[in-house]
Amino acid sequence: MNTNSSNIMALAPNASNKRETVCIFGTGDFGRALGHKMIQCGYPVVYGSRSTHISNLIPKDAEVMSHTEAAQKAAIIIIAIQRQHYNFLTPLAEILHGKVVVDISNNLKLNQYPESNAEYLAQLLPGARVVKAFNTVSAWALQSGTLDASRQVFVCGDDMEAKQMVMNIVRALGLTPLDRGSLLAAQEIENYPLQLFPMWKFPFFLSLGLTAFFFFYCLALDVIYTYVYENKNFSFFIAITIPNRICPVMALILLGLVYLPGVLAAIIQLYRGTKYRRFPDWLDKWMLCRKQLGLIALAFASLHAVFTLVSPIRSFVRWRTSKAIISQALNNKTEPLDTTNAWLSDSYLALGILGFFFFVLVGITSLPSVSNSVNWREFRFVQSKLGYVTLILCTAHTLVYGGKWFLSPSAYRWYLPNIYMLSLIVPCAVLVVKFVLIFPCVDKPLTQIRQGWERNPKYSE
Amino acid sequence: MNTNSSNIMALAPNASNKRETVCIFGTGDFGRALGHKMIQCGYPVVYGSRSTHISNLIPKDAEVMSHTEAAQKAAIIIIAIQRQHYNFLTPLAEILHGKVVVDISNNLKLNQYPESNAEYLAQLLPGARVVKAFNTVSAWALQSGTLDASRQVFVCGDDMEAKQMVMNIVRALGLTPLDRGSLLAAQEIENYPLQLFPMWKFPFFLSLGLTAFFFFYCLALDVIYTYVYENKNFSFFIAITIPNRICPVMALILLGLVYLPGVLAAIIQLYRGTKYRRFPDWLDKWMLCRKQLGLIALAFASLHAVFTLVSPIRSFVRWRTSKAIISQALNNKTEPLDTTNAWLSDSYLALGILGFFFFVLVGITSLPSVSNSVNWREFRFVQSKLGYVTLILCTAHTLVYGGKWFLSPSAYRWYLPNIYMLSLIVPCAVLVVKFVLIFPCVDKPLTQIRQGWERNPKYSE
Amino acid sequence: MNTNSSNIMALAPNASNKRETVCIFGTGDFGRALGHKMIQCGYPVVYGSRSTHISNLIPKDAEVMSHTEAAQKAAIIIIAIQRQHYNFLTPLAEILHGKVVVDISNNLKLNQYPESNAEYLAQLLPGARVVKAFNTVSAWALQSGTLDASRQVFVCGDDMEAKQMVMNIVRALGLTPLDRGSLLAAQEIENYPLQLFPMWKFPFFLSLGLTAFFFFYCLALDVIYTYVYENKNFSFFIAITIPNRICPVMALILLGLVYLPGVLAAIIQLYRGTKYRRFPDWLDKWMLCRKQLGLIALAFASLHAVFTLVSPIRSFVRWRTSKAIISQALNNKTEPLDTTNAWLSDSYLALGILGFFFFVLVGITSLPSVSNSVNWREFRFVQSKLGYVTLILCTAHTLVYGGKWFLSPSAYRWYLPNIYMLSLIVPCAVLVVKFVLIFPCVDKPLTQIRQGWERNPKYSE
């Protein structure tokens with residue numbers, strides 16, 4: 001709200017011309033968009049261009065002149081040209097000496113060049129105070145004023161004062177500068193806008209694959225089997241019944257996969273007797289995407305909750321209920337209350353609700369602003385302690401739900417187990433191993449190892 | 001948690017007197033509250049006042065002296081008086097030369113004066129290093145120590161070192177300083193505390209108006225019509241049935257209105273053949289409040305979800321269900337399962353659940369801390385791609401829900417369509433136009449225009 | 001996502017050796033972990049140690065030498081030894097003169113020493129530029145690269161340039177530095193990692209106690225009474241029925257307790273005629289944990305919502321429903337619709353839904369990132385105005401739900417009231433007093449007092 005309103009004000013040209021002149025090299029799309037925005041915010045703008053004839057597209061309040069003239073008019077020069085053409089700047093090195101030169105370029109792919117564009121620019125212009133900035137902002141967003149997305153502008157550079165000058169411009173444009181340190185950070189900043197949820201890729205495709213597998217598994221057992229052997233058309237199970245079988249199974253498996261690498265790491269450390277050797281690569285990568293796995297598991301759990309709550313409204317469920325009641329009424333009898341059944345039904349629902357409640361709690365602490373406001377000890381408490389409580393409750397929920405069918409042959413269609421039985425493998429394994437790891441005779445050496453003790457110093461790097 | 005706990009510590013007077021003396025001009029409410037807090041945090045405080053007799057209200061550890069004497073005792077002078085009285089500072093200009101002078105004043109209305117109070121102060125005291133700070137904090141909150149609200153203190157000023165000194169005080173008081181750049185930002189900072197959700201006003205009143213209209217529309221069709229023609233008292237529909245008709249309709253219309261301006265902007269750009277002309281003002285403003293429209297739509301969608309899930313518990317629904325079952329039982333027959341009906345019921349529920357799920361996902365990425373941790377590409381992916389998926393799913397949900405009644409005359413009471421039919425107009429229009437815009441023959445020139453190409457350069461400014 | 005991906009890159013050793021050498025005193029666990037991480041990020045690292053024989057555990061790219069030699073090689077010296085051994089640094093004071101000395105130590109309990117470790121270090125090394133940093137990061141997290149928790153590193157120090165150098169290292173390690181001001185903040189920074197939700201303790205144990213009390217109260221009335229007098233085994237009520245009685249009661253009581261201290265504070269101020277006297281200690285502490293009380297109340301309210309929505313799926317409820325329908329069918333009659341009952345049922349559900357909706361809204365604005373983006377006026381509007389709307393709606397929800405039973409003797413088993421009657425005491429009291437406080441004749445003097453006016457100046461400190 002704050003940010004949006006400041007944006008509105010930024011749209012109204014600030015009449016005062018108290019701001020220092022800014023020079024922009026290059027009249028491409030981004031150079032023009034930035035110039036427009038700067039003029040709106042009260043900055044006098046001069047463009048440096050090879051052809052000094054005034055282009056229609058350039059903001060009408062800006063001057064266009066040769067690179068040399070333009071650079072002399074301003075203390076800050078923004079380089080809005082592509083890296084391939086940077087070498088034309090070499091003859092200007094002397095004029096740019098001591099000036100703040102802002103590199104705003106982006107690449108087309110990750111780590112395209114050995115060094116970042118900003119570092120390359122700094123090599124070309126040894127006397128200039130190079131600052132990397134603005135590359136994370138979109139020209140279209142600058143132009144249209146609809147900066148709904150992140151207003152953060154990463155800034156880095158070796159000269160503190162130059163960085164401050166650029167950060168002041170960033171703030172004046174209604175954006176939030178974020179100091180990322182020295183120019184060595186430029187590579188990372190240049191890679192940043194090219195990413196599309198890199199940490200989510202593996203968890204996403206894993207979930208997609210597992211979901212597809214379970215979908216066809218359920219389709220075979222619930223729709224095709226029923227059609228073949230009982231000649232009933234339950235094809236509409238595809239809409240809600242089957243999704244509501246897959247969601248809890250996926251949630252439980254993914255939640256198990258969140259805690260499995262921690263358990264594996266503990267076993268590896270106990271076996272090696274040291275924490276000073278790197279884990280295998282796959283384990284490292286797995287540990288880094290636990291948060292994403294957990295959030296996808298939470299999404300499946302939420303869908304399961306809504307699919308379950310919606311069931312009394314379903315046409316099929318209402319038909320089944322009324323059929324059962326009518327048949328009782330026609331037989332002139334009322335079934336008595338089955339207390340065992342009531343206990344089972346209520347306790348698996350209660351376990352599920354509590355498990356989901358703790359799951360949501362853990363999910364909320366994953367929000368960046370919440371996890372930033374807790375310390376390491378508190379974060380570990382929530383993510384580890386409460387996370388295991390969630391896992392225990394959800395596993396118990398599934399066990400109570402399906403327990404009675406484990407030994408019943410009718411639950412095995414085509415000799416295949418129901419998917420909720422499959423879903424129990426990972427979480428039960430994690431819980432059993434974790435239970436063993438809690439025993440003092442195992443926990444004590446593990447704690448020592450994690451505090452830096454080594455059983456067998458020859459293993460260390 | 002962090003912040004609150006730091007607050008507790010700040011309550012305990014810090015015995016050490018290592019902090020530099022701070023001078024406060026003015027013994028009004030805010031000056032006293034600030035002085036109290038600073039003394040608690042270990043700062044020696046002197047007050048500059050016209051009448052040097054010691055007032056009861058002034059913190060007892062503070063000294064009160066004349067303005068001149070007080071200013072000489074400290075490097076930082078906080079001006080806790082109103083702008084109208086600033087001119088009394090003119091004779092003190094010499095003493096305040098080189099000192100850090102902090103302007104903490106607020107105005108009574110937005111843009112009350114041509115220049116900000118801090119800039120006016122800087123004009124009056126040319127030699128002073130003026131810093132704007134503290135105006136966003138409430139005296140009452142400072143006094144009572146219950147700073148639950150934002151602990152952010154916007155700071156701006158032209159002198160870097162002076163700003164750092166003030167930011168250190170802000171931090172010592174348990175607050176978070178936010179550097180907003182040069183003194184030119186003071187106007188914005190002074191306007192900030194006067195706002196009351198400025199971006200929410202239009203979306204809020206639009207929603208209120210539409211909701212009122214649909215309420216009376218439904219009241220007429222569902223309650224009055226039934227009472228007049230069928231002589232049934234369904235007045236209790238006002239509590240849940242009618243709200244649960246209005247909420248989905250409002251959610252769908254508002255969601256459509258979120259994506260309509262983007263589509264309109266594309267049409268305007270295609271027609272003009274350039275992106276370098278400003279959109280009409282209403283479109284600019286509309287685009288800036290899309291986030292708010294979307295969040296209100298999400299609120300309506302959430303209410304719709306809860307109202308729907310609660311329906312099996314409603315006394316009326318239970319009565320209707322049991323009536324239907326009893327009449328079947330008394331007629332001694334059981335209706336067979338209607339597979340088409342089961343398909344329709346299950347698929348509109350599934351579409352609704354999925355639509356709501358994606359809607360919540362998009363809503364979560366609107367949280368400031370989440371949208372700050374994604375880059376522009378990721379944000380566009382979520383807000384645009386996932387947003388359109390949401391729109392498609394929700395529109396399909398409504399179409400499947402009501403599709404069978406479109407051609408049935410009984411759905412048109414008093415020849416008026418049901419409101420869910422009205423709700424489909426905007427989203428369907430958006431989806432049709434968007435579908436056209438995706439065609440390569442339309443998409444290609446649009447992409448070129450958005451990259452800065454112009455069909456007809458004479459149009460440019 | 002950003003943060004995680006930067007972490008991945010940080011794992012890949014940065015080949016360039018452009019970074020300045022860093023010296024680490026001490027080869028303990030944290031010193032080694034920090035050294036490992038720094039080498040990964042391209043920093044040359046030298047260790048200063050008493051025994052210069054190369055330990056296996058030290059990262060193999062690091063050099064180990066005597067303290068004197070190591071300190072001479074670097075401008076930044078990180079002290080990774082415990083406070084008890086700091087005095088060995090005294091002879092090195094001359095070599096460390098002008099160097100940036102980073103204190104990363106933590107204590108074992110809150111406020112263990114009169115002055116912070118960093119201030120103690122600064123006393124020992126008067127010429128060194130002491131900076132406090134890194135103490136909030138866990139060695140294990142640094143080592144394993146799984147920095148899921150807060151990446152914030154609090155930094156404080158009196159030398160601006162030294163602080164900037166340390167902050168650059170923090171950034172290069174993929175962490176986020178947070179400037180907390182001068183070295184006086186070190187005490188707070190050292191206390192920070194030792195906390196475990198300090199503000200949540202009182203609200204948590206209060207809720208636990210009340211929940212336990214209400215649980216046994218309900219157990220007696222709902223399970224034991226029924227078993228004794230009606231000989232029915234309703235033990236399964238423990239799973240869902242009783243929790244769903246306790247949750248709304250707890251939510252309402254805690255919500256009342258959030259607004260009670262504000263009302264008490266107003267009464268105290270009116271009585272005293274001044275705002276310049278401190279509230280009693282218990283009231284101060286109570287006011288500081290209102291946010292936590294409110295969030296726990298929201299958690300109970302959410303559980304109540306889910307427990308309620310789940311009820312139609314419960315085996316017991318389905319049995320009860322079908323029993324009622326069958327008995328009607330067997331008696332060959334259909335009960336007509338009871339409009340009063342429909343009104344009551346629908347309106348208490350609608351009031352509950354709306355109350356919960358506003359409650360969630362208020363809860364969302366408690367998220368740090370949301371409350372940071374609103375100003376004081378907006379925050380007060382949401383937390384105070386919307387909070388009271390929530391309280392009114394939730395109280396009305398309870399009154400409509402149970403209103404008809406207040407005067408019915410059958411609701412009083414063992415002459416004890418049902419717990420929802422108990423839950424109404426606090427919120428009704430708050431609402432009545434608040435209603436009185438709104439009257440102009442009470443509101444006007446209160447507003448004056450809060451603006452600094454005093455009825456009786458002799459009372460002031």
# chains A, B, ... in the order shown; residues from 1 in each chain; ligands from 1
call {"tool": "interface_residues", "arguments": {"of": "chain A", "to": "chain B", "cutoff": "6 Å", "atoms": "only C-alpha atoms", "output": "mmCIF file with C-alpha atoms, in the first residue's frame"}}
result
data_model
loop_
_atom_site.group_PDB
_atom_site.id
_atom_site.type_symbol
_atom_site.label_atom_id
_atom_site.label_comp_id
_atom_site.auth_asym_id
_atom_site.auth_seq_id
_atom_site.Cartn_x
_atom_site.Cartn_y
_atom_site.Cartn_z
ATOM 1 C CA ASP A 29 14.098 0.330 -24.954
ATOM 2 C CA ASN A 56 10.910 10.573 -31.625
ATOM 3 C CA THR A 146 2.725 -0.838 -12.646
ATOM 4 C CA SER A 150 9.327 -6.838 -6.357
ATOM 5 C CA ASN A 168 19.543 7.421 -3.798
ATOM 6 C CA PRO A 193 16.508 -12.286 -13.202
ATOM 7 C CA LEU A 196 12.480 -19.406 -12.863
ATOM 8 C CA PHE A 236 -16.917 -39.648 -12.174
ATOM 9 C CA ALA A 239 -13.169 -35.641 -10.460
ATOM 10 C CA SER A 315 -24.332 -35.740 -5.424
ATOM 11 C CA PHE A 316 -22.888 -39.282 -5.228
ATOM 12 C CA SER A 322 -30.068 -41.633 1.359
ATOM 13 C CA ILE A 326 -34.043 -45.734 2.946
ATOM 14 C CA PRO A 368 10.268 -15.212 4.660
ATOM 15 C CA SER A 369 9.074 -12.455 6.966
ATOM 16 C CA SER A 373 11.831 -12.742 12.869
#
call {"tool": "residues_around", "arguments": {"residues": "range 58-60 of chain A", "least_positions_apart": "5", "cutoff": "12 Å", "atoms": "only C-alpha atoms", "output": "NGL selection string"}}
result
(:A and (24 or 26-40 or 44-49 or 52-53 or 143)) or (:B and (276-277 or 452 or 457 or 460-461))
call {"tool": "residues_around", "arguments": {"residues": "Val436 in chain C", "least_positions_apart": "5", "cutoff": "12 Å", "atoms": "only C-alpha atoms", "output": "list of chain:residue names"}}
result
C:Val263, C:Ala266, C:Ile267, C:Ala429, C:Val430, C:Leu431, C:Cys441, C:Val442, C:Asp443, C:Leu446
call {"tool": "select_by_dssp", "arguments": {"residues": "range 141-384 of chain A", "states": "helix (DSSP H, G or I)", "output": "PyMOL selection string"}}
result
chain A and resi 141-144+160-172+183-194+198-230+235-238+241-272+281-288+290-313+315-330+339-364+368-371+376-384
call {"tool": "select_by_dssp", "arguments": {"residues": "range 1-118 of chain C", "states": "strand (DSSP E)", "output": "PyMOL selection string"}}
result
chain C and resi 22-25+45-48+63-65+76-79+100-103
call {"tool": "residues_around", "arguments": {"residues": "Arg413 in chain C", "least_positions_apart": "6", "cutoff": "10 Å", "atoms": "only C-alpha atoms", "output": "PDB file with C-alpha atoms, in the first residue's frame"}}
result
ATOM      1  CA  ALA C 220     -17.404 -34.381  33.673  1.00  0.00           C
ATOM      2  CA  LEU C 221     -20.527 -32.863  32.140  1.00  0.00           C
ATOM      3  CA  ASP C 222     -20.594 -34.555  28.763  1.00  0.00           C
ATOM      4  CA  TYR C 225     -22.640 -37.312  33.656  1.00  0.00           C
ATOM      5  CA  THR C 226     -24.117 -39.077  30.620  1.00  0.00           C
TER       6      THR C 226
END
call {"tool": "atom_distance", "arguments": {"atom1": "CA of Pro417 in chain C", "atom2": "CA of Arg314 in chain B"}}
result
25.7 Å
call {"tool": "residues_around", "arguments": {"residues": "Val101 in chain C", "least_positions_apart": "2", "cutoff": "12 Å", "atoms": "only C-alpha atoms", "output": "NGL selection string"}}
result
:C and (22-25 or 71 or 74-80 or 89 or 92-93 or 95-99 or 103-104 or 118-119 or 121-122 or 124-133 or 156-159 or 162-163 or 165-166)
